[in-house]
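Asker: Contents of entry-v2.cif (mmCIF, C-alpha atoms and all ligand atoms):
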data_entry
loop_
_atom_site.group_PDB
_atom_site.id
_atom_site.type_symbol
_atom_site.label_atom_id
_atom_site.label_comp_id
_atom_site.auth_asym_id
_atom_site.auth_seq_id
_atom_site.Cartn_x
_atom_site.Cartn_y
_atom_site.Cartn_z
ATOM 1 C CA MET W 13 -7.284 92.943 -123.251
ATOM 2 C CA LYS W 14 -9.299 90.346 -121.392
ATOM 3 C CA PRO W 15 -12.434 88.944 -123.043
ATOM 4 C CA TYR W 16 -15.015 89.443 -120.263
ATOM 5 C CA ALA W 17 -16.379 91.888 -117.720
ATOM 6 C CA ILE W 18 -19.024 91.313 -115.089
ATOM 7 C CA GLY W 19 -21.817 93.868 -114.848
ATOM 8 C CA ILE W 20 -23.740 94.064 -111.580
ATOM 9 C CA ASP W 21 -26.848 96.227 -111.320
ATOM 10 C CA VAL W 22 -27.759 96.893 -107.696
ATOM 11 C CA GLY W 23 -31.406 97.940 -107.910
ATOM 12 C CA GLY W 24 -34.129 98.897 -105.470
ATOM 13 C CA THR W 25 -35.779 95.439 -105.576
ATOM 14 C CA LYS W 26 -33.028 93.035 -106.751
ATOM 15 C CA ILE W 27 -29.416 92.646 -107.743
ATOM 16 C CA ALA W 28 -28.930 91.483 -111.342
ATOM 17 C CA ALA W 29 -25.522 90.382 -112.579
ATOM 18 C CA GLY W 30 -24.200 89.168 -115.902
ATOM 19 C CA LEU W 31 -21.052 87.908 -117.583
ATOM 20 C CA VAL W 32 -20.593 90.168 -120.604
ATOM 21 C CA GLY W 33 -18.332 89.707 -123.622
ATOM 22 C CA ARG W 34 -16.520 92.535 -125.398
ATOM 23 C CA ASP W 35 -19.285 92.535 -128.020
ATOM 24 C CA GLY W 36 -21.775 93.581 -125.307
ATOM 25 C CA LYS W 37 -23.606 90.250 -125.229
ATOM 26 C CA ILE W 38 -24.651 88.730 -121.903
ATOM 27 C CA LEU W 39 -23.316 85.161 -121.687
ATOM 28 C CA HIS W 40 -24.540 84.201 -118.244
ATOM 29 C CA ARG W 41 -26.850 85.764 -115.643
ATOM 30 C CA PHE W 42 -27.500 85.644 -111.917
ATOM 31 C CA THR W 43 -30.164 87.447 -109.878
ATOM 32 C CA THR W 44 -30.663 87.722 -106.127
ATOM 33 C CA ARG W 45 -33.449 89.315 -104.127
ATOM 34 C CA ALA W 46 -31.045 91.452 -102.102
ATOM 35 C CA HIS W 47 -31.312 95.157 -102.964
ATOM 36 C CA ALA W 48 -29.887 98.613 -102.436
ATOM 37 C CA GLU W 49 -32.248 99.517 -99.620
ATOM 38 C CA GLN W 50 -30.562 97.060 -97.279
ATOM 39 C CA GLU W 51 -27.554 97.577 -95.019
ATOM 40 C CA PRO W 52 -24.142 97.631 -96.740
ATOM 41 C CA GLU W 53 -22.910 94.273 -95.401
ATOM 42 C CA LEU W 54 -25.967 92.441 -96.804
ATOM 43 C CA VAL W 55 -25.566 94.109 -100.177
ATOM 44 C CA ILE W 56 -21.827 93.360 -100.296
ATOM 45 C CA LYS W 57 -22.454 89.695 -99.473
ATOM 46 C CA ALA W 58 -25.062 89.494 -102.247
ATOM 47 C CA ILE W 59 -22.646 91.094 -104.735
ATOM 48 C CA GLU W 60 -19.984 88.570 -103.742
ATOM 49 C CA GLN W 61 -22.477 85.712 -104.099
ATOM 50 C CA ALA W 62 -23.510 86.955 -107.559
ATOM 51 C CA TYR W 63 -19.884 87.241 -108.662
ATOM 52 C CA ARG W 64 -18.982 83.739 -107.466
ATOM 53 C CA ALA W 65 -22.113 82.209 -109.065
ATOM 54 C CA ILE W 66 -21.307 83.812 -112.404
ATOM 55 C CA VAL W 67 -17.683 82.699 -112.381
ATOM 56 C CA LYS W 68 -18.662 79.150 -111.468
ATOM 57 C CA GLU W 69 -21.777 78.658 -113.581
ATOM 58 C CA GLY W 70 -20.398 80.668 -116.497
ATOM 59 C CA ARG W 71 -17.173 78.600 -116.313
ATOM 60 C CA VAL W 72 -14.912 81.603 -116.632
ATOM 61 C CA GLU W 73 -11.461 82.076 -115.106
ATOM 62 C CA ALA W 74 -11.010 85.178 -112.978
ATOM 63 C CA ALA W 75 -7.851 85.799 -115.047
ATOM 64 C CA ASN W 76 -10.087 86.401 -118.091
ATOM 65 C CA ILE W 77 -12.218 89.058 -116.394
ATOM 66 C CA GLU W 78 -11.179 92.644 -117.090
ATOM 67 C CA ALA W 79 -13.080 94.197 -114.177
ATOM 68 C CA VAL W 80 -16.396 94.220 -112.360
ATOM 69 C CA GLY W 81 -18.760 97.142 -113.025
ATOM 70 C CA LEU W 82 -21.157 98.050 -110.228
ATOM 71 C CA GLY W 83 -24.214 100.198 -110.856
ATOM 72 C CA PHE W 84 -25.885 101.733 -107.811
ATOM 73 C CA PRO W 85 -29.093 103.782 -107.568
ATOM 74 C CA GLY W 86 -28.922 107.234 -106.001
ATOM 75 C CA ASN W 87 -25.953 109.534 -105.681
ATOM 76 C CA THR W 88 -22.470 108.158 -106.110
ATOM 77 C CA ASN W 89 -19.024 109.638 -106.578
ATOM 78 C CA GLY W 90 -17.759 107.203 -109.205
ATOM 79 C CA PRO W 91 -14.149 108.431 -109.502
ATOM 80 C CA ALA W 92 -13.796 108.234 -105.687
ATOM 81 C CA GLY W 93 -15.617 104.873 -105.517
ATOM 82 C CA LEU W 94 -18.184 106.139 -103.002
ATOM 83 C CA VAL W 95 -21.913 105.754 -102.501
ATOM 84 C CA LEU W 96 -22.865 109.239 -101.291
ATOM 85 C CA VAL W 97 -26.370 108.511 -100.003
ATOM 86 C CA SER W 98 -28.798 105.632 -100.359
ATOM 87 C CA SER W 99 -32.361 105.015 -99.211
ATOM 88 C CA ASN W 100 -32.133 106.994 -95.944
ATOM 89 C CA LEU W 101 -29.787 104.412 -94.402
ATOM 90 C CA PRO W 102 -27.030 106.422 -92.668
ATOM 91 C CA ALA W 103 -24.627 103.455 -92.971
ATOM 92 C CA TRP W 104 -24.369 104.207 -96.710
ATOM 93 C CA ASP W 105 -23.260 107.827 -96.318
ATOM 94 C CA HIS W 106 -19.948 108.159 -98.190
ATOM 95 C CA PHE W 107 -19.548 104.373 -98.107
ATOM 96 C CA PRO W 108 -16.421 103.200 -100.046
ATOM 97 C CA LEU W 109 -18.304 100.403 -101.849
ATOM 98 C CA ARG W 110 -15.876 100.116 -104.783
ATOM 99 C CA ASP W 111 -12.809 99.429 -102.654
ATOM 100 C CA VAL W 112 -14.578 97.116 -100.209
ATOM 101 C CA VAL W 113 -15.932 94.962 -103.058
ATOM 102 C CA ALA W 114 -12.584 95.029 -104.933
ATOM 103 C CA GLU W 115 -10.857 93.738 -101.813
ATOM 104 C CA ARG W 116 -13.363 90.886 -101.381
ATOM 105 C CA LEU W 117 -13.268 89.847 -105.052
ATOM 106 C CA GLY W 118 -9.590 90.428 -105.718
ATOM 107 C CA LEU W 119 -10.421 92.162 -109.011
ATOM 108 C CA PRO W 120 -10.614 95.787 -110.168
ATOM 109 C CA VAL W 121 -14.085 97.231 -109.575
ATOM 110 C CA ILE W 122 -15.649 100.346 -111.032
ATOM 111 C CA LEU W 123 -18.657 101.976 -109.379
ATOM 112 C CA ASP W 124 -21.094 104.546 -110.650
ATOM 113 C CA ASN W 125 -24.676 105.668 -110.522
ATOM 114 C CA ASP W 126 -26.931 103.312 -112.531
ATOM 115 C CA THR W 127 -28.127 106.017 -114.948
ATOM 116 C CA ASN W 128 -24.543 107.030 -115.741
ATOM 117 C CA LEU W 129 -23.674 103.422 -116.539
ATOM 118 C CA CYS W 130 -26.774 103.095 -118.719
ATOM 119 C CA ALA W 131 -25.458 106.069 -120.717
ATOM 120 C CA VAL W 132 -22.141 104.270 -121.214
ATOM 121 C CA GLY W 133 -23.995 101.073 -122.222
ATOM 122 C CA GLU W 134 -26.182 102.754 -124.864
ATOM 123 C CA HIS W 135 -23.174 104.731 -126.117
ATOM 124 C CA ARG W 136 -20.937 101.691 -126.523
ATOM 125 C CA TYR W 137 -23.447 99.056 -127.637
ATOM 126 C CA GLY W 138 -26.882 100.636 -128.218
ATOM 127 C CA ALA W 139 -28.727 103.601 -129.679
ATOM 128 C CA GLY W 140 -25.938 106.104 -128.931
ATOM 129 C CA GLN W 141 -23.225 104.355 -130.923
ATOM 130 C CA GLY W 142 -21.133 106.754 -132.990
ATOM 131 C CA ALA W 143 -22.310 109.896 -131.162
ATOM 132 C CA LYS W 144 -19.379 111.801 -129.651
ATOM 133 C CA ASN W 145 -21.697 113.810 -127.367
ATOM 134 C CA MET W 146 -24.769 112.033 -126.094
ATOM 135 C CA CYS W 147 -27.204 112.020 -123.181
ATOM 136 C CA TYR W 148 -29.180 109.073 -121.874
ATOM 137 C CA VAL W 149 -32.426 109.949 -120.118
ATOM 138 C CA THR W 150 -33.959 107.455 -117.730
ATOM 139 C CA PHE W 151 -37.678 108.092 -117.466
ATOM 140 C CA SER W 152 -39.014 105.828 -114.708
ATOM 141 C CA THR W 153 -39.748 106.117 -110.957
ATOM 142 C CA GLY W 154 -37.504 109.187 -111.117
ATOM 143 C CA ILE W 155 -35.901 110.994 -114.035
ATOM 144 C CA GLY W 156 -32.200 111.582 -114.544
ATOM 145 C CA ILE W 157 -29.533 111.747 -117.209
ATOM 146 C CA GLY W 158 -26.148 110.250 -117.943
ATOM 147 C CA ILE W 159 -23.882 112.536 -119.952
ATOM 148 C CA ILE W 160 -21.266 111.460 -122.498
ATOM 149 C CA ILE W 161 -18.930 114.250 -123.616
ATOM 150 C CA ASN W 162 -16.155 113.545 -126.139
ATOM 151 C CA ASN W 163 -16.930 109.822 -125.882
ATOM 152 C CA ARG W 164 -16.363 109.769 -122.103
ATOM 153 C CA LEU W 165 -18.807 109.750 -119.206
ATOM 154 C CA TYR W 166 -19.029 113.180 -117.573
ATOM 155 C CA VAL W 167 -19.884 113.030 -113.858
ATOM 156 C CA GLY W 168 -19.005 116.526 -112.648
ATOM 157 C CA HIS W 169 -16.994 117.709 -109.645
ATOM 158 C CA THR W 170 -18.419 115.323 -107.006
ATOM 159 C CA GLY W 171 -19.877 112.657 -109.296
ATOM 160 C CA THR W 172 -23.473 113.883 -109.311
ATOM 161 C CA ALA W 173 -23.833 115.677 -112.662
ATOM 162 C CA GLY W 174 -27.058 114.941 -114.530
ATOM 163 C CA GLU W 175 -29.551 115.405 -111.697
ATOM 164 C CA LEU W 176 -32.192 116.605 -114.126
ATOM 165 C CA GLY W 177 -34.962 115.242 -111.906
ATOM 166 C CA HIS W 178 -34.253 117.803 -109.229
ATOM 167 C CA VAL W 179 -33.930 120.865 -111.437
ATOM 168 C CA VAL W 180 -36.674 123.245 -110.308
ATOM 169 C CA ILE W 181 -38.983 123.857 -113.238
ATOM 170 C CA ASP W 182 -42.100 125.234 -111.509
ATOM 171 C CA ILE W 183 -41.255 127.835 -108.857
ATOM 172 C CA GLY W 184 -43.495 127.237 -105.837
ATOM 173 C CA GLY W 185 -44.761 124.008 -107.418
ATOM 174 C CA PRO W 186 -45.631 120.723 -105.680
ATOM 175 C CA PRO W 187 -43.262 119.189 -103.118
ATOM 176 C CA CYS W 188 -40.618 116.777 -104.409
ATOM 177 C CA THR W 189 -39.034 113.765 -102.681
ATOM 178 C CA CYS W 190 -35.808 115.810 -102.312
ATOM 179 C CA GLY W 191 -37.413 118.429 -100.084
ATOM 180 C CA LYS W 192 -37.565 121.159 -102.743
ATOM 181 C CA ASN W 193 -40.655 122.236 -104.655
ATOM 182 C CA GLY W 194 -41.527 122.068 -108.338
ATOM 183 C CA CYS W 195 -38.699 119.791 -109.542
ATOM 184 C CA VAL W 196 -38.932 118.103 -112.968
ATOM 185 C CA MET W 197 -39.410 114.825 -111.076
ATOM 186 C CA ALA W 198 -42.490 116.158 -109.268
ATOM 187 C CA TYR W 199 -44.205 115.834 -112.682
ATOM 188 C CA ALA W 200 -42.146 113.771 -115.146
ATOM 189 C CA SER W 201 -41.654 110.515 -113.237
ATOM 190 C CA GLY W 202 -43.529 107.586 -111.729
ATOM 191 C CA VAL W 203 -43.570 109.476 -108.446
ATOM 192 C CA GLY W 204 -45.009 112.551 -110.175
ATOM 193 C CA ILE W 205 -47.641 110.544 -112.070
ATOM 194 C CA SER W 206 -48.790 108.974 -108.801
ATOM 195 C CA ARG W 207 -48.915 112.364 -107.074
ATOM 196 C CA MET W 208 -51.069 113.788 -109.880
ATOM 197 C CA ALA W 209 -53.355 110.741 -109.752
ATOM 198 C CA TYR W 210 -53.988 111.251 -106.027
ATOM 199 C CA GLU W 211 -54.545 114.949 -106.665
ATOM 200 C CA LYS W 212 -57.265 114.234 -109.252
ATOM 201 C CA VAL W 213 -58.997 111.746 -106.940
ATOM 202 C CA GLU W 214 -58.834 114.096 -103.942
ATOM 203 C CA ALA W 215 -60.145 117.008 -106.032
ATOM 204 C CA GLY W 216 -63.283 114.956 -106.751
ATOM 205 C CA VAL W 217 -62.598 114.685 -110.497
ATOM 206 C CA ASP W 218 -64.726 112.087 -112.283
ATOM 207 C CA THR W 219 -62.119 109.407 -113.057
ATOM 208 C CA GLN W 220 -61.776 105.613 -113.030
ATOM 209 C CA LEU W 221 -58.598 106.111 -110.995
ATOM 210 C CA ARG W 222 -60.882 106.478 -107.984
ATOM 211 C CA GLN W 223 -61.579 102.709 -108.042
ATOM 212 C CA MET W 224 -57.854 101.920 -108.193
ATOM 213 C CA VAL W 225 -56.456 103.880 -105.257
ATOM 214 C CA PRO W 226 -53.664 101.666 -103.852
ATOM 215 C CA PRO W 227 -53.949 100.545 -100.217
ATOM 216 C CA ASP W 228 -51.996 102.337 -97.470
ATOM 217 C CA GLY W 229 -51.332 105.435 -99.559
ATOM 218 C CA ARG W 230 -48.846 103.548 -101.751
ATOM 219 C CA ARG W 231 -47.923 104.806 -105.192
ATOM 220 C CA PHE W 232 -50.208 104.469 -108.191
ATOM 221 C CA SER W 233 -48.118 102.608 -110.748
ATOM 222 C CA GLY W 234 -47.540 104.157 -114.162
ATOM 223 C CA GLU W 235 -49.179 101.028 -115.648
ATOM 224 C CA GLN W 236 -52.415 101.667 -113.723
ATOM 225 C CA VAL W 237 -52.651 105.209 -115.041
ATOM 226 C CA VAL W 238 -51.855 104.019 -118.579
ATOM 227 C CA GLU W 239 -54.489 101.293 -118.385
ATOM 228 C CA VAL W 240 -57.165 103.810 -117.406
ATOM 229 C CA ALA W 241 -55.951 106.331 -119.994
ATOM 230 C CA GLN W 242 -56.208 103.670 -122.706
ATOM 231 C CA ARG W 243 -59.869 103.221 -121.788
ATOM 232 C CA GLY W 244 -60.312 106.892 -122.637
ATOM 233 C CA ASP W 245 -60.310 108.311 -119.095
ATOM 234 C CA LYS W 246 -59.810 112.057 -119.499
ATOM 235 C CA ALA W 247 -58.094 112.665 -116.136
ATOM 236 C CA ALA W 248 -55.591 109.833 -116.692
ATOM 237 C CA ARG W 249 -54.797 111.149 -120.162
ATOM 238 C CA GLU W 250 -54.196 114.623 -118.767
ATOM 239 C CA ILE W 251 -51.799 113.216 -116.160
ATOM 240 C CA LEU W 252 -49.705 111.437 -118.800
ATOM 241 C CA GLU W 253 -49.764 114.532 -120.997
ATOM 242 C CA THR W 254 -48.546 116.675 -118.102
ATOM 243 C CA ALA W 255 -45.789 114.173 -117.276
ATOM 244 C CA GLY W 256 -44.799 114.200 -120.951
ATOM 245 C CA PHE W 257 -44.877 117.990 -121.121
ATOM 246 C CA TYR W 258 -42.446 118.401 -118.210
ATOM 247 C CA CYS W 259 -40.246 115.611 -119.530
ATOM 248 C CA GLY W 260 -40.077 117.560 -122.810
ATOM 249 C CA VAL W 261 -39.159 120.802 -121.069
ATOM 250 C CA GLY W 262 -36.419 118.812 -119.298
ATOM 251 C CA LEU W 263 -35.196 117.518 -122.676
ATOM 252 C CA SER W 264 -35.024 121.093 -123.992
ATOM 253 C CA MET W 265 -32.797 122.014 -121.027
ATOM 254 C CA ILE W 266 -30.446 119.177 -121.899
ATOM 255 C CA VAL W 267 -30.212 120.411 -125.488
ATOM 256 C CA GLN W 268 -29.746 124.040 -124.458
ATOM 257 C CA ILE W 269 -26.967 123.240 -121.957
ATOM 258 C CA ILE W 270 -25.158 120.199 -123.361
ATOM 259 C CA ASN W 271 -25.883 120.418 -127.122
ATOM 260 C CA PRO W 272 -25.635 116.634 -127.649
ATOM 261 C CA GLU W 273 -26.073 115.098 -131.091
ATOM 262 C CA THR W 274 -28.171 112.236 -129.678
ATOM 263 C CA ILE W 275 -30.552 111.889 -126.753
ATOM 264 C CA VAL W 276 -31.475 108.296 -125.938
ATOM 265 C CA ILE W 277 -34.682 107.899 -123.927
ATOM 266 C CA GLY W 278 -35.137 104.750 -121.848
ATOM 267 C CA GLY W 279 -36.576 103.537 -118.572
ATOM 268 C CA GLY W 280 -39.923 101.911 -117.771
ATOM 269 C CA LEU W 281 -42.082 104.965 -118.482
ATOM 270 C CA SER W 282 -40.636 105.358 -121.982
ATOM 271 C CA ARG W 283 -42.520 102.124 -122.773
ATOM 272 C CA ILE W 284 -45.817 104.008 -122.401
ATOM 273 C CA GLY W 285 -44.981 105.357 -125.841
ATOM 274 C CA SER W 286 -46.904 108.075 -127.618
ATOM 275 C CA MET W 287 -49.195 109.068 -124.723
ATOM 276 C CA VAL W 288 -46.172 110.605 -122.968
ATOM 277 C CA LEU W 289 -43.563 110.839 -125.724
ATOM 278 C CA ASP W 290 -45.679 112.859 -128.184
ATOM 279 C CA PRO W 291 -46.385 115.681 -125.692
ATOM 280 C CA ALA W 292 -42.723 115.457 -124.607
ATOM 281 C CA LEU W 293 -41.461 116.084 -128.151
ATOM 282 C CA VAL W 294 -43.952 118.912 -128.685
ATOM 283 C CA ALA W 295 -42.847 120.616 -125.444
ATOM 284 C CA MET W 296 -39.197 119.985 -126.233
ATOM 285 C CA ARG W 297 -39.541 121.629 -129.645
ATOM 286 C CA GLU W 298 -41.473 124.570 -128.239
ATOM 287 C CA HIS W 299 -38.790 125.272 -125.614
ATOM 288 C CA THR W 300 -35.675 124.715 -127.727
ATOM 289 C CA GLN W 301 -34.068 127.283 -130.033
ATOM 290 C CA PRO W 302 -34.548 126.179 -133.660
ATOM 291 C CA GLU W 303 -30.829 125.908 -134.460
ATOM 292 C CA LEU W 304 -30.364 123.616 -131.444
ATOM 293 C CA TRP W 305 -33.502 121.598 -132.229
ATOM 294 C CA ASP W 306 -32.106 120.901 -135.697
ATOM 295 C CA SER W 307 -28.829 119.617 -134.211
ATOM 296 C CA VAL W 308 -30.213 116.805 -132.067
ATOM 297 C CA ARG W 309 -31.947 113.505 -132.660
ATOM 298 C CA VAL W 310 -34.067 111.818 -129.982
ATOM 299 C CA VAL W 311 -34.155 108.026 -130.128
ATOM 300 C CA PRO W 312 -35.441 105.181 -127.919
ATOM 301 C CA TRP W 313 -33.065 102.929 -125.985
ATOM 302 C CA GLN W 314 -31.990 99.661 -127.646
ATOM 303 C CA LEU W 315 -30.802 97.542 -124.737
ATOM 304 C CA GLY W 316 -33.955 97.681 -122.605
ATOM 305 C CA ASP W 317 -34.016 95.632 -119.415
ATOM 306 C CA ASP W 318 -30.456 94.375 -119.950
ATOM 307 C CA LEU W 319 -29.054 97.894 -119.947
ATOM 308 C CA GLY W 320 -28.169 97.943 -116.220
ATOM 309 C CA ILE W 321 -25.919 94.886 -116.578
ATOM 310 C CA ILE W 322 -24.482 95.778 -119.988
ATOM 311 C CA GLY W 323 -23.850 99.405 -118.958
ATOM 312 C CA ALA W 324 -21.902 98.370 -115.857
ATOM 313 C CA ALA W 325 -19.781 95.990 -117.938
ATOM 314 C CA ALA W 326 -19.337 98.618 -120.680
ATOM 315 C CA LYS W 327 -17.851 101.052 -118.146
ATOM 316 C CA ALA W 328 -15.545 98.314 -116.858
ATOM 317 C CA PHE W 329 -14.235 97.742 -120.409
ATOM 318 C CA ALA W 330 -13.995 101.479 -121.131
ATOM 319 C CA ASP W 331 -12.049 102.223 -117.948
ATOM 320 C CA ALA W 332 -9.681 99.313 -118.563
ATOM 321 C CA GLU W 333 -9.013 100.570 -122.093
ATOM 322 C CA ALA W 334 -8.332 104.058 -120.716
ATOM 323 C CA GLY W 335 -5.974 102.622 -118.097
ATOM 324 C CA LEU W 336 -8.313 103.578 -115.243
ATOM 325 C CA ALA W 337 -9.619 100.220 -114.000
HETATM 326 ZN ZN ZN D 401 -36.529 117.330 -106.256
#
Would you write out, as structure tokens, the structure that this file holds?
Answerer:
Amino acid sequence: MKPYAIGIDVGGTKIAAGLVGRDGKILHRFTTRAHAEQEPELVIKAIEQAYRAIVKEGRVEAANIEAVGLGFPGNTNGPAGLVLVSSNLPAWDHFPLRDVVAERLGLPVILDNDTNLCAVGEHRYGAGQGAKNMCYVTFSTGIGIGIIINNRLYVGHTGTAGELGHVVIDIGGPPCTCGKNGCVMAYASGVGISRMAYEKVEAGVDTQLRQMVPPDGRRFSGEQVVEVAQRGDKAAREILETAGFYCGVGLSMIVQIINPETIVIGGGLSRIGSMVLDPALVAMREHTQPELWDSVRVVPWQLGDDLGIIGAAAKAFADAEAGLA
């Protein structure tokens, strides 16, 4: 067993990397402004740069690194090492990112969707420790889950299990970014919150959101809606309640289908706290059979902003231990 792994979180606005010890602590960090919405070659170069900076500045020998974990937003097929689609750039379609990076670095690389790796991180080092069956819910710009079954990440047949955000929950409901209508994400996400904010403004509702409409039709941020809600704005409060309600119905689906002992809720929107989480728990309880409700505990994430890095490293350690990396 080697003492370190490197976790690299390829996000939509930056790439964050860290040298992680077997205890889950980050020993050294590196961040670049490259991001997943760029062409593959740029992203690969940035990953390579991050790796080399960490090895050099962290003064670690490559021989002491178990593997590199790579988290990627969007759909991936982790076991096959592929990015399936990313940010409407055709160059990413079925791109073999794992093997290309492994070749450049000369080290084993594991690749998976960022939410899946967050599930592994919270399971190994955070709020999901000790739970044999667990789900991690990321509640942020989108909403999705990572599923741990029998202490192992479950990714499904083509790697895309856990797409809770695009489960249709309101037949004939509002359009979603995926092209369908009435998905969980059309309500319970940053995208959904912004859509509802525009809807209130356009419907002529009396709300302070009207003075905050972002330029060029860009998204309202969750923080803007929270800020207005905290000032007592009725429309903003209703939006957060609705987002929470649909999040809660989504949570009940997880319990009904997976029957996990722990659900860990994380992601930027979980920070809003009770204005979305209270209605979420009420809706979850209302839509879950009592015997299943009694079997599950819902807890907040523990690793916060470091989870992307720690989760990627956690999967690298876990795969090495299982003889897969
Ligand atoms: Zn959808």
Asker: Counting all atoms listed in the file, which residue out of W:Val238, W:Leu123, W:Ala75, W:Ala247 sits closest to Arg222 in chain W?
Answerer: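 With all atoms listed in the file as the atom set, the closest residue is W:Ala247.
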Asker: With all atoms listed in the file counted, collect every polymer residue having an atom within 10 Å of ligand ZN 401 (chain D); state the result as a short mmCIF file (atom, residue, chain, number, x, y, z; two decimals) with C-alpha atoms, in the frame of the given file.
Answerer:
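Now in part_24.cif:
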data_model
loop_
_atom_site.label_atom_id
_atom_site.label_comp_id
_atom_site.auth_asym_id
_atom_site.auth_seq_id
_atom_site.Cartn_x
_atom_site.Cartn_y
_atom_site.Cartn_z
CA GLY W 154 -37.50 109.19 -111.12
CA GLU W 175 -29.55 115.40 -111.70
CA LEU W 176 -32.19 116.60 -114.13
CA GLY W 177 -34.96 115.24 -111.91
CA HIS W 178 -34.25 117.80 -109.23
CA VAL W 179 -33.93 120.86 -111.44
CA VAL W 180 -36.67 123.24 -110.31
CA ILE W 181 -38.98 123.86 -113.24
CA PRO W 186 -45.63 120.72 -105.68
CA PRO W 187 -43.26 119.19 -103.12
CA CYS W 188 -40.62 116.78 -104.41
CA THR W 189 -39.03 113.76 -102.68
CA CYS W 190 -35.81 115.81 -102.31
CA GLY W 191 -37.41 118.43 -100.08
CA LYS W 192 -37.56 121.16 -102.74
CA ASN W 193 -40.66 122.24 -104.66
CA GLY W 194 -41.53 122.07 -108.34
CA CYS W 195 -38.70 119.79 -109.54
CA VAL W 196 -38.93 118.10 -112.97
CA MET W 197 -39.41 114.82 -111.08
CA ALA W 198 -42.49 116.16 -109.27
#
Asker: If the PyMOL selection byres (((chain W and resi 259-276) around 8) and not hetatm) is run on the structure shown, which residues does it catch, given as a ChimeraX atom specification?
Answerer: /W:134,139-140,143-149,176,196,199-200,255-258,277-278,291-297,299-301,304-305,307-313
Asker: Can you measure CA of Arg164 in chain W to CA of Asp317 in chain W for me? One decimal in Å is fine.
Answerer: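 Result for CA of Arg164 in chain W versus CA of Asp317 in chain W: 22.8 Å, one decimal.
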Asker: Suppose a student applies the PyMOL selection byres (((chain W and resi 91) around 10) and not hetatm) to this structure; what residues should they get, written as a VMD selection string?
Answerer: chain W and resid 88 to 90 92 to 94 110 122 to 124 167 to 171 336
Asker: Within 8 Å of His40 in chain W, counting all atoms listed in the file, which residues qualify if same-chain residues fewer than 5 places away don't, as a list in words?
Answerer: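 My reading of the contact set: Gly30, Leu31, Val32, Ile66, Glu69 and Gly70 of chain W.
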Asker: What is the CA of Arg231 in chain W-CA of Asp218 in chain W distance in Å, reported with one decimal?
Answerer: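 Those two atoms sit 19.6 Å apart.
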Asker: Extract, using all atoms listed in the file, all DNA, RNA and protein residues at most 10 Å from Ala79 in chain W, discarding same-chain residues fewer than 6 positions from it, and format them as a PyMOL selection string.
Answerer: chain W and resi 14+16-19+114+118-122+324-325+327-329+331-332+337
Asker: Using the chain letters and numbering of this document, enumerate as a PyMOL selection string the residues selected by the PyMOL selection byres (((chain W and resi 232) around 10) and not hetatm).
Answerer: chain W and resi 202-210+221+224-227+229-231+233-237
Asker: Enter the distance from CA of Thr44 in chain W to CA of Ile20 in chain W, in Å, rounded to one decimal.
Answerer: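 CA of Ile20 in chain W lies 10.9 Å from CA of Thr44 in chain W.
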Asker: May I ask which of the residues W:Gln61, W:Pro15, W:Arg34, W:Lys212 is the closest one to Glu73 in chain W, counting only C-alpha atoms?
Answerer: W:Pro15
Asker: Have a look at W:Gly156, W:Pro302, W:Gly335, W:Gly280 and name the one nearest to Asn87 in chain W; count only C-alpha atoms.
Answerer: W:Gly156
Asker: Could you tell me which of W:Val113, W:Val67, W:Trp104, W:Ile183 comes closest to Leu39 in chain W if we count only C-alpha atoms?
Answerer: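 The shortest atom-to-atom distance to Leu39 in chain W comes from W:Val67.
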Asker: Restricting the calculation to only C-alpha atoms: of W:Gly320, W:Ala29, W:Gln314, W:Ala248, which residue gets closest to Met287 in chain W?
Answerer: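 Among the listed residues, W:Ala248 lies closest to Met287 in chain W.
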Asker: Name the closest residue to Ser152 in chain W among the candidates W:Thr254, W:Val213, W:Thr127, W:Asp182; distances are taken between atoms, counting all atoms listed in the file.
Answerer: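 Closest to Ser152 in chain W of all the choices is W:Thr127.
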Asker: Missing atoms in range 223-230 of chain W need filling: write out N, CA and C atoms for it as a PDB file, keeping the file's coordinate frame.
Answerer:
ATOM      1  N   GLN W 223     -61.372 104.117-108.430  1.00  0.00           N
ATOM      2  CA  GLN W 223     -61.579 102.709-108.042  1.00  0.00           C
ATOM      3  C   GLN W 223     -60.253 101.960-107.877  1.00  0.00           C
ATOM      4  N   MET W 224     -59.140 102.641-108.198  1.00  0.00           N
ATOM      5  CA  MET W 224     -57.854 101.920-108.193  1.00  0.00           C
ATOM      6  C   MET W 224     -56.886 102.450-107.152  1.00  0.00           C
ATOM      7  N   VAL W 225     -57.355 103.291-106.251  1.00  0.00           N
ATOM      8  CA  VAL W 225     -56.456 103.880-105.257  1.00  0.00           C
ATOM      9  C   VAL W 225     -55.743 102.763-104.490  1.00  0.00           C
ATOM     10  N   PRO W 226     -54.397 102.760-104.511  1.00  0.00           N
ATOM     11  CA  PRO W 226     -53.664 101.666-103.852  1.00  0.00           C
ATOM     12  C   PRO W 226     -53.839 101.731-102.335  1.00  0.00           C
ATOM     13  N   PRO W 227     -53.784 100.558-101.681  1.00  0.00           N
ATOM     14  CA  PRO W 227     -53.949 100.545-100.217  1.00  0.00           C
ATOM     15  C   PRO W 227     -52.781 101.251 -99.532  1.00  0.00           C
ATOM     16  N   ASP W 228     -53.026 101.744 -98.336  1.00  0.00           N
ATOM     17  CA  ASP W 228     -51.996 102.337 -97.470  1.00  0.00           C
ATOM     18  C   ASP W 228     -51.286 103.535 -98.109  1.00  0.00           C
ATOM     19  N   GLY W 229     -51.954 104.240 -98.976  1.00  0.00           N
ATOM     20  CA  GLY W 229     -51.332 105.435 -99.559  1.00  0.00           C
ATOM     21  C   GLY W 229     -50.118 105.142-100.424  1.00  0.00           C
ATOM     22  N   ARG W 230     -49.990 103.869-100.883  1.00  0.00           N
ATOM     23  CA  ARG W 230     -48.846 103.548-101.751  1.00  0.00           C
ATOM     24  C   ARG W 230     -48.991 104.212-103.109  1.00  0.00           C
TER      25      ARG W 230
END
